[in-house]
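*Asks:* The structure file run.txt (compact mmCIF, C-alpha atoms) is provided below.
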# COMPACT_ATOMS: atom_id res chain seq x y z
CA MET A 1 0.00 0.00 0.00
CA ALA A 2 1.26 3.50 -0.80
CA GLN A 3 2.77 5.45 2.09
CA ARG A 4 2.53 9.20 2.40
CA HIS A 5 5.73 11.21 2.21
CA ARG A 6 5.80 13.94 4.86
CA PHE A 7 7.13 17.24 3.58
CA PRO A 8 8.79 19.66 6.03
CA ILE A 9 6.70 22.31 7.73
CA SER A 10 7.82 24.89 10.28
CA ALA A 11 5.67 26.56 12.91
CA ARG A 12 8.29 29.25 13.38
CA HIS A 13 8.20 30.07 9.69
CA ALA A 14 4.42 30.46 9.92
CA PHE A 15 4.85 33.07 12.66
CA VAL A 16 7.58 34.84 10.67
CA LEU A 17 5.17 35.16 7.74
CA ALA A 18 2.44 36.32 10.13
CA LEU A 19 4.60 39.05 11.67
CA ASP A 20 5.75 40.19 8.24
CA LEU A 21 2.16 40.56 7.01
CA ALA A 22 0.68 41.99 10.22
CA VAL A 23 3.44 44.46 11.14
CA ARG A 24 5.37 45.34 8.00
CA ARG A 25 3.08 44.85 5.01
CA ASP A 26 -0.49 45.45 6.23
CA ALA A 27 -0.52 46.93 9.72
CA VAL A 28 -3.62 49.05 9.14
CA GLN A 29 -6.00 46.24 8.17
CA SER A 30 -4.28 43.59 10.30
CA LEU A 31 -3.85 45.52 13.55
CA LEU A 32 -5.44 48.97 13.57
CA VAL A 33 -8.88 48.16 12.11
CA PRO A 34 -9.42 45.01 14.27
CA PHE A 35 -8.36 47.07 17.29
CA LEU A 36 -10.93 49.76 16.48
CA LEU A 37 -13.66 47.15 15.92
CA HIS A 38 -13.00 45.61 19.34
CA LEU A 39 -12.51 48.92 21.17
CA PRO A 40 -16.21 49.85 21.73
CA TRP A 41 -16.95 46.46 23.25
CA ALA A 42 -13.90 46.64 25.52
CA VAL A 43 -14.86 50.14 26.69
CA ALA A 44 -18.46 49.02 27.30
CA GLN A 45 -17.17 46.07 29.33
CA ALA A 46 -15.01 48.44 31.40
CA PHE A 47 -17.98 50.66 32.32
CA LEU A 48 -20.19 47.77 33.40
CA PRO A 49 -19.80 46.68 37.06
CA GLY A 50 -18.15 43.33 37.65
CA PRO A 51 -19.84 40.43 39.47
CA ASP A 52 -18.03 41.34 42.72
CA GLU A 53 -18.97 45.03 42.52
CA PRO A 54 -22.22 46.69 43.73
CA GLY A 55 -24.99 46.11 41.21
CA GLY A 56 -22.94 43.56 39.32
CA MET A 57 -25.44 40.72 39.77
CA THR A 58 -28.64 42.51 38.79
CA SER A 59 -30.62 41.20 35.84
CA ARG A 60 -29.99 44.41 33.86
CA THR A 61 -26.22 44.22 34.32
CA LEU A 62 -26.09 40.54 33.49
CA PHE A 63 -28.10 41.18 30.32
CA LEU A 64 -25.81 44.03 29.23
CA ASN A 65 -22.73 41.92 29.94
CA SER A 66 -24.18 39.14 27.82
CA VAL A 67 -24.86 41.55 24.94
CA VAL A 68 -21.32 42.92 25.13
CA LEU A 69 -19.74 39.47 25.21
CA LEU A 70 -21.87 38.24 22.30
CA GLY A 71 -21.16 41.35 20.24
CA ASP A 72 -17.42 41.09 20.82
CA PHE A 73 -17.53 37.39 19.95
CA LEU A 74 -19.27 38.06 16.63
CA VAL A 75 -16.76 40.81 15.84
CA SER A 76 -13.96 38.34 16.65
CA LEU A 77 -15.42 35.81 14.19
CA LEU A 78 -15.80 38.44 11.47
CA VAL A 79 -12.21 39.63 11.93
CA ALA A 80 -10.99 36.04 12.04
CA GLY A 81 -12.62 35.31 8.69
CA MET A 82 -11.21 38.49 7.13
CA LEU A 83 -7.68 37.73 8.34
CA ARG A 84 -7.79 34.25 6.84
CA PHE A 85 -8.85 35.53 3.43
CA ARG A 86 -6.17 38.22 3.61
CA ALA A 87 -3.49 35.67 4.50
CA ARG A 88 -4.51 33.38 1.65
CA SER A 89 -4.35 36.26 -0.82
CA VAL A 90 -0.62 36.77 -0.15
CA PHE A 91 0.42 33.15 0.42
CA ASN A 92 2.97 32.18 -2.26
CA ALA A 93 2.00 35.29 -4.22
CA PRO A 94 4.66 37.48 -5.88
CA ARG A 95 5.30 40.93 -4.49
CA GLY A 96 3.42 42.72 -7.24
CA ALA A 97 0.34 40.50 -7.11
CA ARG A 98 -3.03 42.12 -6.47
CA VAL A 99 -4.18 41.88 -2.88
CA PRO A 100 -7.97 41.89 -2.39
CA GLY A 101 -9.31 44.99 -0.72
CA ALA A 102 -10.35 44.94 2.93
CA PHE A 103 -14.05 45.34 2.10
CA GLU A 104 -13.87 42.34 -0.22
CA CYS A 105 -12.26 40.23 2.51
CA TYR A 106 -14.84 41.36 5.08
CA ALA A 107 -17.70 40.62 2.66
CA ARG A 108 -16.40 37.09 2.07
CA ALA A 109 -15.89 36.62 5.80
CA LEU A 110 -19.45 37.79 6.49
CA ALA A 111 -20.76 35.16 4.05
CA ARG A 112 -18.91 32.44 5.99
CA LEU A 113 -19.87 33.81 9.43
CA PRO A 114 -22.83 31.43 10.11
CA TRP A 115 -20.80 28.30 9.35
CA LEU A 116 -17.81 29.70 11.25
CA PHE A 117 -20.03 30.26 14.29
CA VAL A 118 -21.43 26.70 14.09
CA THR A 119 -17.94 25.24 13.62
CA GLU A 120 -16.50 27.05 16.63
CA LEU A 121 -19.49 26.06 18.76
CA LEU A 122 -19.36 22.37 17.80
CA ARG A 123 -15.59 22.20 18.14
CA ASN A 124 -15.61 23.63 21.66
CA VAL A 125 -18.48 21.34 22.66
CA ALA A 126 -16.56 18.34 21.31
CA MET A 127 -13.39 19.29 23.20
CA VAL A 128 -15.27 19.87 26.47
CA ALA A 129 -17.21 16.62 26.08
CA ALA A 130 -14.02 14.67 25.39
CA GLY A 131 -12.18 16.38 28.26
CA ILE A 132 -14.88 15.41 30.76
CA PHE A 133 -13.78 11.79 30.60
CA LEU A 134 -10.00 12.21 30.47
CA VAL A 135 -7.51 14.94 29.61
CA LEU A 136 -5.87 13.08 26.74
CA PRO A 137 -9.08 12.55 24.73
CA GLY A 138 -9.77 16.28 25.01
CA VAL A 139 -6.24 17.11 23.82
CA TRP A 140 -6.57 14.61 20.97
CA VAL A 141 -9.84 16.17 19.81
CA GLY A 142 -8.27 19.61 20.10
CA VAL A 143 -5.35 18.56 17.90
CA ARG A 144 -7.39 16.90 15.18
CA LEU A 145 -9.93 19.73 14.95
CA SER A 146 -7.46 22.60 15.36
CA LEU A 147 -7.61 23.62 11.68
CA ALA A 148 -11.40 23.44 11.32
CA THR A 149 -11.71 27.24 11.52
CA GLU A 150 -9.36 27.75 8.58
CA ALA A 151 -11.01 24.97 6.59
CA VAL A 152 -14.59 26.18 7.04
CA VAL A 153 -13.63 29.72 6.00
CA LEU A 154 -11.30 29.02 3.09
CA ARG A 155 -12.82 25.86 1.59
CA ASP A 156 -16.46 27.02 1.46
CA THR A 157 -17.62 23.87 3.25
CA THR A 158 -19.87 22.90 6.15
CA ALA A 159 -18.75 22.38 9.73
CA PHE A 160 -18.53 18.62 9.24
CA GLY A 161 -16.55 19.07 6.03
CA ALA A 162 -14.17 21.36 7.93
CA PHE A 163 -13.80 18.76 10.71
CA SER A 164 -13.01 16.09 8.13
CA ARG A 165 -10.41 18.29 6.44
CA SER A 166 -8.76 19.26 9.73
CA PHE A 167 -8.73 15.61 10.84
CA HIS A 168 -6.96 14.70 7.60
CA LEU A 169 -4.35 17.49 7.63
CA THR A 170 -3.31 17.09 11.27
CA ALA A 171 -2.46 13.40 10.95
CA GLY A 172 1.13 12.88 12.11
CA ARG A 173 1.66 16.58 12.92
CA LEU A 174 1.50 16.51 16.73
CA GLU A 175 4.99 18.00 17.17
CA ARG A 176 4.28 20.97 14.94
CA TRP A 177 0.87 21.48 16.55
CA LEU A 178 2.51 21.60 19.98
CA GLU A 179 5.00 24.13 18.64
CA MET A 180 2.19 26.29 17.25
CA ILE A 181 0.29 26.09 20.56
CA ALA A 182 3.40 26.91 22.60
CA ILE A 183 4.22 30.04 20.58
CA SER A 184 0.58 31.18 20.64
CA VAL A 185 0.29 30.72 24.41
CA VAL A 186 3.57 32.57 25.02
CA LEU A 187 2.34 35.57 23.03
CA VAL A 188 -0.98 35.72 24.91
CA LEU A 189 0.65 35.23 28.31
CA SER A 190 3.16 37.98 27.53
CA VAL A 191 0.30 40.48 27.22
CA LEU A 192 -1.37 39.26 30.41
CA PHE A 193 1.93 39.29 32.30
CA ALA A 194 2.65 42.85 31.19
CA CYS A 195 -0.78 43.92 32.48
CA VAL A 196 -0.17 42.23 35.84
CA VAL A 197 3.21 43.96 36.16
CA GLY A 198 1.59 47.30 35.31
CA PHE A 199 -1.09 46.75 37.95
CA PHE A 200 1.47 46.16 40.71
CA ALA A 201 3.89 48.82 39.47
CA LEU A 202 1.30 51.60 39.28
CA GLN A 203 -0.33 51.64 42.70
CA HIS A 204 -3.09 54.11 41.86
CA THR A 205 -4.57 52.10 38.98
CA SER A 206 -7.37 49.59 39.34
CA TRP A 207 -7.48 46.03 38.09
CA SER A 208 -10.47 46.85 35.87
CA THR A 209 -8.30 49.42 34.06
CA TRP A 210 -5.66 46.83 33.27
CA ALA A 211 -8.33 44.32 32.29
CA THR A 212 -9.52 46.86 29.71
CA VAL A 213 -5.93 47.31 28.51
CA ALA A 214 -5.64 43.54 28.11
CA LEU A 215 -8.93 43.39 26.17
CA CYS A 216 -7.63 46.09 23.81
CA ALA A 217 -4.17 44.56 23.37
CA LEU A 218 -5.21 40.94 22.88
CA PRO A 219 -6.86 41.54 19.46
CA LEU A 220 -3.50 42.81 18.18
CA VAL A 221 -1.76 39.65 19.33
CA MET A 222 -4.60 37.46 18.08
CA SER A 223 -4.24 38.93 14.58
CA VAL A 224 -0.66 37.67 14.43
CA ILE A 225 -1.66 34.29 15.88
CA GLN A 226 -4.53 33.83 13.44
CA TYR A 227 -2.31 34.77 10.52
CA ALA A 228 0.23 32.18 11.68
CA TRP A 229 -2.38 29.41 11.97
CA THR A 230 -3.70 30.30 8.52
CA PHE A 231 -0.22 30.08 6.99
CA PHE A 232 0.27 26.79 8.85
CA TYR A 233 -2.98 25.46 7.37
CA LEU A 234 -2.15 26.72 3.87
CA ARG A 235 1.25 25.03 3.98
CA LEU A 236 -0.33 21.72 5.02
CA ASP A 237 -2.97 22.11 2.32
CA GLU A 238 -0.25 22.90 -0.22
CA ILE A 239 1.74 19.74 0.45
CA ASP A 240 -1.30 17.48 0.80
CA VAL A 241 -0.68 15.45 -2.35
CA PRO A 242 -1.01 11.66 -2.62
CA LEU A 243 2.60 10.66 -3.23
CA VAL A 244 4.35 7.31 -3.07
CA VAL A 245 7.59 7.25 -1.11
CA GLY A 246 10.39 7.67 -3.64
CA SER A 247 8.31 9.59 -6.18
CA ILE A 248 9.02 13.11 -7.30
CA PRO A 249 6.84 15.78 -5.64
CA PRO A 250 5.07 18.32 -7.84
CA GLY A 251 7.72 20.70 -9.15
CA GLY A 252 10.51 18.72 -7.47
CA THR A 253 11.88 21.98 -6.11
CA ARG A 254 11.55 24.33 -3.20
CA THR A 255 7.98 25.38 -2.55
CA GLY A 256 6.84 28.94 -2.73
CA SER A 257 6.55 29.25 1.05
CA GLY A 258 10.33 28.93 1.40
CA GLU A 259 10.31 25.81 3.56
CA GLY A 260 12.45 22.90 2.65
CA SER A 261 12.82 21.10 -0.65
CA ALA A 262 12.32 17.60 -1.89
CA ALA A 263 15.14 16.05 -3.90
CA PRO A 264 14.13 14.12 -6.98
CA ALA A 265 14.32 10.38 -6.66
CA ALA A 266 14.84 7.60 -9.16
CA GLY A 267 11.37 6.10 -8.74
CA PRO A 268 8.77 6.79 -11.43
CA ARG A 269 5.95 9.24 -10.92
CA LEU A 270 2.57 7.52 -10.87
CA LYS A 271 -0.25 8.90 -12.96
CA LEU A 272 -3.91 7.98 -12.80
CA VAL A 273 -5.33 7.30 -16.27
CA GLU A 274 -8.93 6.81 -17.24
CA GLY A 275 -9.89 3.43 -18.67
CA ARG A 276 -11.54 3.04 -22.05
CA SER A 277 -14.92 1.52 -22.58
CA PRO A 278 -14.86 -1.91 -24.32
CA SER A 279 -17.22 -0.59 -27.00
CA GLU A 280 -15.02 2.45 -27.69
CA PRO A 281 -12.82 2.20 -30.84
CA SER A 282 -9.12 1.97 -30.22
CA GLY A 283 -8.29 4.81 -32.63
CA ARG A 284 -5.66 2.77 -34.46
For the structure just supplied, provide its representation as structure tokens.
*Replies:*
Amino acid sequence: MAQRHRFPISARHAFVLALDLAVRRDAVQSLLVPFLLHLPWAVAQAFLPGPDEPGGMTSRTLFLNSVVLLGDFLVSLLVAGMLRFRARSVFNAPRGARVPGAFECYARALARLPWLFVTELLRNVAMVAAGIFLVLPGVWVGVRLSLATEAVVLRDTTAFGAFSRSFHLTAGRLERWLEMIAISVVLVLSVLFACVVGFFALQHTSWSTWATVALCALPLVMSVIQYAWTFFYLRLDEIDVPLVVGSIPPGGTRTGSGEGSAAPAAGPRLKLVEGRSPSEPSGR
């Protein structure tokens, strides 16, 4: 039976591409606009009393908190979809290639928003349900469904189609997934740690102030993280070709993403041909 040849993929390279796009090439649409979209919800959250503050447990306050959280979540999904379309538009593209406008990316993301919402909901339910029994099943489900968000946005498929695609692409990629998770967690924790240091360093500030700062800063970090996961997905999708060990990969050279190369081998390249009907003339 044919065995799949695993091409190299680097989580660090995915984050290098993400930083290049988010900071150097497209800071306005990648960082500034998402920040402004999240800002009203973060400010509204800051003005509402917390659960441990007077009036924080009234029905009115709980309702307003729910509206703010839901609104910010929907904005997060819309931005997430836009960022994935923007990342795909520059992946392996030459410098002078046309990049779709921001409104075009947001319009395409809005069209995928319902399925993205369903996918995120089902994925989190699946991870929680698996984690109730043991930790390892929850981690396993998290690994195999980690690329469902990218798949449901970029492949124009349903939630179950996205789960199937993610399950296929993450096979045998546990090490790289752990590397992606580690870098993502470090970036998020760096923001939270900076806010904690600021809270203790500036004695006259309140914790709610630094919580608002964290809510405003996290979307900036999440833009980089989501770009990186999209580039990670696109690289896996790019090298997902049914090869036999010893065959020559498409192109036989370095891929456009700049990661690794596959040396040509002596084995023949297999090609699927379509059979001819017995009643069809041979043409000779």
*Asks:* In Å, rounded to a single decimal, give me how far atom CA of Trp229 of chain A is from atom CA of Met127 of chain A.
*Replies:*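 Distance between the two atoms: 18.7 Å.
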*Asks:* So, counting only C-alpha atoms, which residue among A:Val23, A:Leu187, A:Ala217, A:Leu234 is closest to Ala87 of chain A?
*Replies:* A:Leu234
*Asks:* Kindly indicate which residue among A:Val153, A:Leu178, A:Leu48, A:Leu169 lies nearest to Ala11 of chain A, using all atoms listed in the file for the distances.
*Replies:*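 Closest candidate: A:Leu178.
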*Asks:* Can you measure atom CA of Asp72 of chain A to atom CA of Val28 of chain A for me? One decimal in Å is fine.
*Replies:*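 Computing it gives 19.8 Å between the two atoms.
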*Asks:* Show which residues sit within 12 Å of Ala214 of chain A, as a PyMOL selection string. Count only C-alpha atoms, and ignore same-chain residues fewer than 5 positions away.
*Replies:* chain A and resi 35+38-39+42-43+45-46+188-199+207-209+219-222
*Asks:* Using all atoms listed in the file, give me every residue within 12 Å of (-12.2, 42.7, 0.0) in file coordinates, as number ranges by chain.
*Replies:* A: 29, 81-86, 89, 98-110
*Asks:* Hey, which of A:Ser76, A:Asn92, A:Thr170, A:Thr119 ends up closest to Trp140 of chain A? Count only C-alpha atoms.
*Replies:* A:Thr170
*Asks:* Please indicate the distance in Å from atom CA of Val143 of chain A to atom CA of Phe91 of chain A, rounded to one decimal place.
*Replies:*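 Answer for the atom CA of Val143 of chain A to atom CA of Phe91 of chain A separation: 23.5 Å.
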*Asks:* Given all atoms listed in the file as the basis, pick out the residue of A:Val135, A:Trp41, A:Met180, A:Leu147 nearest to Ala228 of chain A.
*Replies:*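 Ranking A:Val135, A:Trp41, A:Met180, A:Leu147 by distance to Ala228 of chain A, first place goes to A:Met180.
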*Asks:* When distances are computed from all atoms listed in the file, which of A:Pro40, A:Pro49, A:Pro94, A:Gly138 shows the smallest separation from Val75 of chain A?
*Replies:*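 Using all atoms listed in the file, the shortest distance to Val75 of chain A belongs to A:Pro40.
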*Asks:* Name the closest residue to Ala80 of chain A among the candidates A:Ala126, A:Glu150, A:Phe15, A:Trp210; distances are taken between atoms, counting only C-alpha atoms.
*Replies:* A:Glu150
*Asks:* Every residue with an atom at most 10 Å from (-9.4, 25.7, 3.3) (file coordinates; all atoms listed in the file) is what I'm after, so could you write them as a ChimeraX atom specification?
*Replies:* /A:84-85,88,147-157,162,165-166,230,233-234,237
